[in-house]
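*Asks:* One file: model-v4.tsv (TSV, N, CA and C atoms and all ligand atoms).
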chain	number	residue	atom	x	y	z
A	26	MET	N	-16.77	-90.98	29.61
A	26	MET	CA	-18.05	-90.43	30.05
A	26	MET	C	-19.18	-91.36	29.65
A	27	THR	N	-20.08	-91.61	30.58
A	27	THR	CA	-21.26	-92.42	30.30
A	27	THR	C	-22.47	-91.67	30.79
A	28	PHE	N	-23.30	-91.27	29.86
A	28	PHE	CA	-24.50	-90.54	30.24
A	28	PHE	C	-25.65	-91.52	30.46
A	29	GLN	N	-26.39	-91.28	31.53
A	29	GLN	CA	-27.53	-92.13	31.90
A	29	GLN	C	-28.80	-91.28	31.90
A	30	ARG	N	-29.91	-91.90	31.53
A	30	ARG	CA	-31.19	-91.17	31.56
A	30	ARG	C	-31.56	-90.90	33.02
A	31	ALA	N	-32.05	-89.68	33.27
A	31	ALA	CA	-32.34	-89.29	34.65
A	31	ALA	C	-33.77	-88.81	34.84
A	32	VAL	N	-34.17	-87.78	34.11
A	32	VAL	CA	-35.50	-87.19	34.25
A	32	VAL	C	-35.97	-86.71	32.88
A	33	LYS	N	-37.28	-86.47	32.80
A	33	LYS	CA	-37.82	-85.85	31.58
A	33	LYS	C	-37.60	-84.34	31.68
A	34	LEU	N	-37.20	-83.74	30.58
A	34	LEU	CA	-36.98	-82.29	30.56
A	34	LEU	C	-38.26	-81.55	30.94
A	35	ALA	N	-39.41	-82.07	30.52
A	35	ALA	CA	-40.69	-81.41	30.80
A	35	ALA	C	-41.02	-81.40	32.29
A	36	ASP	N	-40.39	-82.28	33.07
A	36	ASP	CA	-40.65	-82.33	34.51
A	36	ASP	C	-39.85	-81.29	35.29
A	37	LEU	N	-38.90	-80.63	34.64
A	37	LEU	CA	-38.06	-79.65	35.35
A	37	LEU	C	-38.71	-78.28	35.31
A	38	LYS	N	-38.59	-77.57	36.45
A	38	LYS	CA	-39.14	-76.22	36.55
A	38	LYS	C	-38.11	-75.32	37.22
A	39	SER	N	-38.09	-74.07	36.80
A	39	SER	CA	-37.25	-73.09	37.48
A	39	SER	C	-37.80	-72.88	38.89
A	40	GLY	N	-36.94	-72.63	39.84
A	40	GLY	CA	-37.38	-72.28	41.18
A	40	GLY	C	-37.51	-73.44	42.13
A	41	ARG	N	-37.43	-74.66	41.61
A	41	ARG	CA	-37.48	-75.81	42.51
A	41	ARG	C	-36.65	-76.95	41.92
A	42	PHE	N	-36.31	-77.89	42.80
A	42	PHE	CA	-35.53	-79.05	42.38
A	42	PHE	C	-36.44	-80.24	42.09
A	43	THR	N	-36.01	-81.08	41.17
A	43	THR	CA	-36.64	-82.37	40.89
A	43	THR	C	-35.60	-83.44	41.21
A	44	LYS	N	-35.99	-84.40	42.07
A	44	LYS	CA	-35.05	-85.42	42.51
A	44	LYS	C	-34.97	-86.59	41.53
A	45	ALA	N	-33.84	-87.24	41.50
A	45	ALA	CA	-33.68	-88.49	40.77
A	45	ALA	C	-32.48	-89.23	41.35
A	46	GLU	N	-32.47	-90.53	41.15
A	46	GLU	CA	-31.32	-91.33	41.57
A	46	GLU	C	-30.75	-92.01	40.33
A	47	VAL	N	-29.47	-91.88	40.13
A	47	VAL	CA	-28.80	-92.48	38.98
A	47	VAL	C	-27.57	-93.22	39.47
A	48	LEU	N	-27.54	-94.52	39.21
A	48	LEU	CA	-26.42	-95.38	39.63
A	48	LEU	C	-26.11	-95.20	41.12
A	49	GLY	N	-27.18	-95.05	41.91
A	49	GLY	CA	-27.01	-94.95	43.36
A	49	GLY	C	-26.66	-93.56	43.86
A	50	VAL	N	-26.57	-92.59	42.95
A	50	VAL	CA	-26.24	-91.22	43.36
A	50	VAL	C	-27.54	-90.41	43.42
A	51	ASP	N	-27.80	-89.80	44.58
A	51	ASP	CA	-28.97	-88.92	44.73
A	51	ASP	C	-28.67	-87.58	44.10
A	52	LEU	N	-29.55	-87.18	43.19
A	52	LEU	CA	-29.34	-85.97	42.41
A	52	LEU	C	-30.54	-85.06	42.51
A	53	CYS	N	-30.35	-83.79	42.23
A	53	CYS	CA	-31.48	-82.88	42.04
A	53	CYS	C	-31.19	-81.98	40.84
A	54	PHE	N	-32.25	-81.78	40.07
A	54	PHE	CA	-32.16	-81.06	38.80
A	54	PHE	C	-33.06	-79.84	38.86
A	55	THR	N	-32.66	-78.82	38.12
A	55	THR	CA	-33.53	-77.66	37.92
A	55	THR	C	-33.12	-76.97	36.63
A	56	LEU	N	-33.89	-75.94	36.29
A	56	LEU	CA	-33.57	-75.10	35.14
A	56	LEU	C	-33.14	-73.73	35.64
A	57	CYS	N	-32.12	-73.18	35.02
A	57	CYS	CA	-31.67	-71.82	35.35
A	57	CYS	C	-31.30	-71.13	34.05
A	58	ASP	N	-32.01	-70.07	33.72
A	58	ASP	CA	-31.79	-69.37	32.45
A	58	ASP	C	-31.84	-70.32	31.26
A	59	GLY	N	-32.74	-71.30	31.33
A	59	GLY	CA	-32.92	-72.24	30.23
A	59	GLY	C	-31.93	-73.38	30.21
A	60	GLU	N	-30.98	-73.38	31.14
A	60	GLU	CA	-29.98	-74.45	31.20
A	60	GLU	C	-30.36	-75.46	32.27
A	61	VAL	N	-30.09	-76.74	32.00
A	61	VAL	CA	-30.31	-77.76	33.01
A	61	VAL	C	-29.12	-77.77	33.98
A	62	ILE	N	-29.45	-77.74	35.26
A	62	ILE	CA	-28.43	-77.80	36.31
A	62	ILE	C	-28.64	-79.08	37.10
A	63	CYS	N	-27.57	-79.79	37.39
A	63	CYS	CA	-27.66	-81.01	38.19
A	63	CYS	C	-26.65	-80.92	39.33
A	64	LEU	N	-27.17	-81.03	40.54
A	64	LEU	CA	-26.33	-81.05	41.74
A	64	LEU	C	-26.54	-82.36	42.48
A	65	GLU	N	-25.55	-82.77	43.23
A	65	GLU	CA	-25.77	-83.90	44.14
A	65	GLU	C	-26.77	-83.45	45.19
A	66	ASN	N	-27.73	-84.32	45.49
A	66	ASN	CA	-28.76	-83.96	46.48
A	66	ASN	C	-28.20	-84.20	47.88
A	67	SER	N	-27.14	-83.49	48.17
A	67	SER	CA	-26.43	-83.68	49.43
A	67	SER	C	-25.66	-82.40	49.73
A	68	CYS	N	-26.09	-81.73	50.77
A	68	CYS	CA	-25.41	-80.49	51.14
A	68	CYS	C	-23.98	-80.81	51.58
A	69	SER	N	-23.07	-80.02	51.13
A	69	SER	CA	-21.66	-80.26	51.44
A	69	SER	C	-21.33	-79.92	52.90
A	70	HIS	N	-22.27	-79.35	53.63
A	70	HIS	CA	-22.04	-79.08	55.04
A	70	HIS	C	-22.14	-80.36	55.86
A	71	MET	N	-23.33	-81.01	55.85
A	71	MET	CA	-23.51	-82.21	56.65
A	71	MET	C	-24.13	-83.36	55.87
A	72	GLY	N	-24.19	-83.23	54.54
A	72	GLY	CA	-24.68	-84.34	53.71
A	72	GLY	C	-26.18	-84.50	53.69
A	73	LEU	N	-26.90	-83.50	54.16
A	73	LEU	CA	-28.37	-83.60	54.19
A	73	LEU	C	-28.95	-83.16	52.84
A	74	PRO	N	-30.16	-83.66	52.47
A	74	PRO	CA	-30.70	-83.36	51.15
A	74	PRO	C	-31.08	-81.89	50.98
A	75	ILE	N	-30.86	-81.40	49.78
A	75	ILE	CA	-31.14	-79.98	49.48
A	75	ILE	C	-32.37	-79.80	48.61
A	76	ASP	N	-33.04	-80.89	48.22
A	76	ASP	CA	-34.07	-80.79	47.18
A	76	ASP	C	-35.29	-79.96	47.61
A	77	ARG	N	-35.48	-79.69	48.89
A	77	ARG	CA	-36.63	-78.88	49.31
A	77	ARG	C	-36.32	-77.39	49.31
A	78	ALA	N	-35.12	-77.03	48.93
A	78	ALA	CA	-34.74	-75.61	48.90
A	78	ALA	C	-35.54	-74.86	47.84
A	79	GLU	N	-35.86	-73.62	48.14
A	79	GLU	CA	-36.48	-72.74	47.15
A	79	GLU	C	-35.37	-71.99	46.43
A	80	ILE	N	-35.45	-71.98	45.13
A	80	ILE	CA	-34.39	-71.37	44.32
A	80	ILE	C	-34.84	-69.97	43.90
A	81	ARG	N	-33.98	-69.01	44.14
A	81	ARG	CA	-34.31	-67.61	43.80
A	81	ARG	C	-34.08	-67.37	42.30
A	82	PRO	N	-34.71	-66.33	41.77
A	82	PRO	CA	-34.52	-66.02	40.35
A	82	PRO	C	-33.06	-65.74	39.97
A	83	ASP	N	-32.23	-65.33	40.95
A	83	ASP	CA	-30.82	-65.07	40.62
A	83	ASP	C	-29.98	-66.35	40.62
A	84	GLY	N	-30.63	-67.53	40.81
A	84	GLY	CA	-29.88	-68.78	40.74
A	84	GLY	C	-29.19	-69.15	42.04
A	85	SER	N	-29.62	-68.58	43.14
A	85	SER	CA	-29.06	-68.95	44.43
A	85	SER	C	-30.15	-69.63	45.28
A	86	PHE	N	-29.72	-70.34	46.27
A	86	PHE	CA	-30.68	-70.98	47.18
A	86	PHE	C	-30.02	-71.18	48.53
A	87	GLU	N	-30.85	-71.37	49.55
A	87	GLU	CA	-30.33	-71.67	50.88
A	87	GLU	C	-30.64	-73.11	51.22
A	88	CYS	N	-29.68	-73.80	51.79
A	88	CYS	CA	-29.92	-75.16	52.26
A	88	CYS	C	-31.02	-75.10	53.32
A	89	PRO	N	-32.03	-76.00	53.21
A	89	PRO	CA	-33.15	-75.95	54.15
A	89	PRO	C	-32.77	-76.34	55.58
A	90	TRP	N	-31.57	-76.83	55.80
A	90	TRP	CA	-31.21	-77.33	57.13
A	90	TRP	C	-30.56	-76.27	58.00
A	91	HIS	N	-29.51	-75.65	57.54
A	91	HIS	CA	-28.80	-74.66	58.36
A	91	HIS	C	-28.63	-73.33	57.65
A	92	GLY	N	-29.25	-73.19	56.48
A	92	GLY	CA	-29.31	-71.90	55.82
A	92	GLY	C	-28.07	-71.45	55.07
A	93	PHE	N	-27.10	-72.32	54.85
A	93	PHE	CA	-25.96	-71.91	54.05
A	93	PHE	C	-26.45	-71.56	52.65
A	94	ALA	N	-25.89	-70.50	52.08
A	94	ALA	CA	-26.31	-70.05	50.75
A	94	ALA	C	-25.39	-70.62	49.67
A	95	PHE	N	-26.00	-71.08	48.59
A	95	PHE	CA	-25.26	-71.67	47.47
A	95	PHE	C	-25.69	-71.04	46.16
A	96	LYS	N	-24.83	-71.19	45.15
A	96	LYS	CA	-25.18	-70.81	43.79
A	96	LYS	C	-25.42	-72.10	43.00
A	97	LEU	N	-26.44	-72.11	42.15
A	97	LEU	CA	-26.68	-73.28	41.30
A	97	LEU	C	-25.46	-73.54	40.43
A	98	GLU	N	-24.96	-72.49	39.82
A	98	GLU	CA	-23.84	-72.63	38.91
A	98	GLU	C	-22.59	-73.03	39.69
A	99	GLY	N	-22.12	-74.21	39.43
A	99	GLY	CA	-20.90	-74.68	40.08
A	99	GLY	C	-21.10	-75.23	41.48
A	100	GLY	N	-22.29	-75.03	42.06
A	100	GLY	CA	-22.55	-75.52	43.42
A	100	GLY	C	-21.75	-74.80	44.49
A	101	PHE	N	-21.28	-73.60	44.16
A	101	PHE	CA	-20.41	-72.88	45.11
A	101	PHE	C	-21.21	-72.35	46.30
A	102	CYS	N	-20.58	-72.43	47.48
A	102	CYS	CA	-21.20	-71.94	48.70
A	102	CYS	C	-20.80	-70.49	48.91
A	103	LYS	N	-21.82	-69.64	49.06
A	103	LYS	CA	-21.57	-68.22	49.28
A	103	LYS	C	-21.28	-67.93	50.76
A	104	THR	N	-21.75	-68.80	51.64
A	104	THR	CA	-21.57	-68.59	53.08
A	104	THR	C	-20.15	-68.96	53.51
A	105	TYR	N	-19.73	-70.17	53.15
A	105	TYR	CA	-18.38	-70.65	53.44
A	105	TYR	C	-17.87	-71.33	52.18
A	106	PRO	N	-16.99	-70.69	51.42
A	106	PRO	CA	-16.56	-71.22	50.12
A	106	PRO	C	-16.01	-72.64	50.15
A	107	VAL	N	-15.59	-73.13	51.29
A	107	VAL	CA	-15.05	-74.49	51.36
A	107	VAL	C	-16.14	-75.55	51.10
A	108	TYR	N	-17.40	-75.18	51.30
A	108	TYR	CA	-18.50	-76.13	51.14
A	108	TYR	C	-19.10	-76.03	49.74
A	109	LYS	N	-18.51	-76.73	48.79
A	109	LYS	CA	-19.01	-76.73	47.41
A	109	LYS	C	-19.81	-78.02	47.18
A	110	ILE	N	-20.99	-77.88	46.61
A	110	ILE	CA	-21.80	-79.06	46.29
A	110	ILE	C	-21.36	-79.60	44.93
A	111	LYS	N	-21.28	-80.93	44.84
A	111	LYS	CA	-20.83	-81.57	43.61
A	111	LYS	C	-21.84	-81.33	42.49
A	112	THR	N	-21.34	-81.05	41.30
A	112	THR	CA	-22.19	-80.83	40.13
A	112	THR	C	-21.88	-81.91	39.09
A	113	PHE	N	-22.83	-82.11	38.19
A	113	PHE	CA	-22.67	-83.14	37.17
A	113	PHE	C	-23.04	-82.59	35.80
A	114	GLU	N	-22.33	-83.07	34.80
A	114	GLU	CA	-22.60	-82.65	33.42
A	114	GLU	C	-23.87	-83.32	32.90
A	115	THR	N	-24.66	-82.57	32.17
A	115	THR	CA	-25.90	-83.11	31.60
A	115	THR	C	-25.94	-82.86	30.10
A	116	LYS	N	-26.83	-83.59	29.45
A	116	LYS	CA	-27.18	-83.29	28.06
A	116	LYS	C	-28.61	-83.74	27.84
A	117	ILE	N	-29.21	-83.23	26.78
A	117	ILE	CA	-30.62	-83.51	26.49
A	117	ILE	C	-30.69	-84.38	25.24
A	118	ASP	N	-31.53	-85.41	25.32
A	118	ASP	CA	-31.70	-86.31	24.19
A	118	ASP	C	-33.17	-86.71	24.11
A	119	GLY	N	-33.84	-86.28	23.08
A	119	GLY	CA	-35.22	-86.69	22.85
A	119	GLY	C	-36.16	-86.32	23.99
A	120	GLY	N	-35.97	-85.16	24.58
A	120	GLY	CA	-36.85	-84.72	25.66
A	120	GLY	C	-36.48	-85.28	27.02
A	121	GLU	N	-35.41	-86.03	27.08
A	121	GLU	CA	-34.95	-86.56	28.37
A	121	GLU	C	-33.60	-85.94	28.73
A	122	VAL	N	-33.40	-85.82	30.03
A	122	VAL	CA	-32.14	-85.28	30.54
A	122	VAL	C	-31.24	-86.46	30.92
A	123	LEU	N	-30.06	-86.45	30.35
A	123	LEU	CA	-29.06	-87.47	30.66
A	123	LEU	C	-27.99	-86.83	31.53
A	124	VAL	N	-27.41	-87.62	32.40
A	124	VAL	CA	-26.39	-87.10	33.32
A	124	VAL	C	-25.22	-88.09	33.38
A	125	ASP	N	-24.05	-87.53	33.57
A	125	ASP	CA	-22.85	-88.34	33.72
A	125	ASP	C	-22.43	-88.34	35.18
A	126	VAL	N	-22.65	-89.48	35.86
A	126	VAL	CA	-22.22	-89.59	37.27
A	126	VAL	C	-21.00	-90.51	37.38
A	127	GLY	N	-20.31	-90.69	36.25
A	127	GLY	CA	-19.15	-91.58	36.28
A	127	GLY	C	-19.59	-93.01	36.57
A	128	GLU	N	-18.91	-93.63	37.50
A	128	GLU	CA	-19.25	-95.00	37.87
A	128	GLU	C	-20.32	-95.05	38.96
A	129	GLY	N	-20.87	-93.89	39.34
A	129	GLY	CA	-21.87	-93.87	40.40
A	129	GLY	C	-21.23	-94.11	41.75
A	130	VAL	N	-22.03	-94.59	42.70
A	130	VAL	CA	-21.49	-94.77	44.05
A	130	VAL	C	-20.39	-95.83	44.08
A	131	GLN	N	-20.40	-96.71	43.08
A	131	GLN	CA	-19.36	-97.76	43.04
A	131	GLN	C	-17.98	-97.15	42.77
A	132	GLY	N	-17.99	-96.02	42.03
A	132	GLY	CA	-16.73	-95.45	41.59
A	132	GLY	C	-16.13	-94.43	42.54
A	133	ASP	N	-16.86	-94.09	43.60
A	133	ASP	CA	-16.32	-93.07	44.52
A	133	ASP	C	-15.27	-93.63	45.42
A	201	LIG	S1	-26.70	-79.42	55.94
A	201	LIG	FE1	-26.85	-77.74	54.54
A	201	LIG	S2	-26.25	-76.02	55.69
A	201	LIG	FE2	-26.06	-77.67	57.07
Here is the file; what I need is its structure written in the form of structure tokens.
Ligand code: FES

*Replies:*
Amino acid sequence: MTFQRAVKLADLKSGRFTKAEVLGVDLCFTLCDGEVICLENSCSHMGLPIDRAEIRPDGSFECPWHGFAFKLEGGFCKTYPVYKIKTFETKIDGGEVLVDVGEGVQGD
């Protein structure tokens, strides 16, 4: 595991995504119940960005493109379970959010 600096913790807000790119991977971050959540900024339906989605207080959101519903936790799709968005492990260090994207786009 290699954690890379991604965003400042202070820049994250509940209810919306904050975008970042780490090792060529487009990511979006948010807070849910005080936990940092990191998803790939790519809807598993057609690969379009999800960062403009509004996140509900229950931790779900709809993709802004075709309205598929997802859960932040695990990136699971409530509309069609086969469409799961990739999630990434995070940790906090000195007010910054670090994320493990493996080898990035080179490693996929
Ligand atoms: S691209 Fe997200 S639902 Fe179609």

*Asks:* For the structure I just gave you, how does DSSP split chain A - specifically, which residues are strand (DSSP E or B)? Reply as a PyMOL selection string.

*Replies:* chain A and resi 28-33+43-47+50-57+60-65+80+85-87+94-96+102+112+114-118+121-125

*Asks:* With all atoms listed in the file counted and 8 Å as the cut-off, give the residues of chain A in contact with ligand LIG 201 (chain A), each with its shortest interatomic distance in Å and the pair that gives it, as a Markdown table.

*Replies:*
| residue | atom | partner | partner_atom | distance |
| --- | --- | --- | --- | --- |
| A:Ser67 | C | A:LIG201 | FE1 | 6.8 |
| A:Cys68 | CA | A:LIG201 | FE1 | 4.6 |
| A:Ser69 | N | A:LIG201 | FE1 | 5.6 |
| A:His70 | C | A:LIG201 | S1 | 4.7 |
| A:Met71 | N | A:LIG201 | S1 | 3.7 |
| A:Gly72 | N | A:LIG201 | S1 | 4.8 |
| A:Leu73 | N | A:LIG201 | S1 | 4.5 |
| A:Pro74 | N | A:LIG201 | S1 | 6.5 |
| A:Ile75 | CA | A:LIG201 | FE1 | 7.0 |
| A:Glu87 | C | A:LIG201 | FE1 | 6.8 |
| A:Cys88 | CA | A:LIG201 | FE1 | 4.6 |
| A:Pro89 | N | A:LIG201 | FE1 | 5.6 |
| A:Trp90 | C | A:LIG201 | FE2 | 4.8 |
| A:His91 | N | A:LIG201 | S2 | 3.8 |
| A:Gly92 | N | A:LIG201 | S2 | 4.2 |
| A:Phe93 | N | A:LIG201 | S2 | 3.9 |
| A:Ala94 | N | A:LIG201 | S2 | 6.6 |

*Asks:* With only C-alpha atoms as the atoms that count, which of A:Lys103, A:Lys111, A:Lys116, A:Lys96 lies nearest to Val32 of chain A?

*Replies:*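 Answer, going by the shortest atom-to-atom distance: A:Lys116.
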
*Asks:* Would you list the contacts of Glu46 of chain A as a ChimeraX atom specification, taking every protein, DNA or RNA residue within 9 Å and counting only C-alpha atoms, but skipping same-chain residues closer than 6 positions in sequence?

*Replies:* /A:31,52-53

*Asks:* Could you check the closest approach to Val50 of chain A for each of A:Gly100, A:Pro106, A:Gly127, A:Gly120 and tell me which residue wins, using only C-alpha atoms?

*Replies:*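 Among the listed residues, A:Gly127 lies closest to Val50 of chain A.
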
*Asks:* Which neighbours of Asp76 of chain A fall inside 7 Å, counting only C-alpha atoms, when residues of the same chain fewer than 2 positions from it are skipped, and could you give them as a PyMOL selection string?

*Replies:* chain A and resi 42-44+53+66+74+78

*Asks:* Using only C-alpha atoms, determine which residues lie at most 8 Å from segment 55-63 of chain A, disregarding the query and same-chain residues fewer than 2 positions distant; provide the list as JSON, numbers by chain.

*Replies:* {"A": [37, 38, 39, 40, 41, 42, 43, 52, 53, 65, 84, 97, 98, 112, 113, 114, 115, 124]}

*Asks:* Can you measure atom C of Phe28 of chain A to atom N of Leu48 of chain A for me? One decimal in Å is fine.

*Replies:*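 Atom N of Leu48 of chain A lies at a distance of 9.4 Å from atom C of Phe28 of chain A.
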
*Asks:* What lies within 6.5 Å of Gln29 of chain A using only N, CA and C atoms, ignoring chain neighbours under 2 positions off, as a PyMOL selection string?

*Replies:* chain A and resi 27+31+122-126
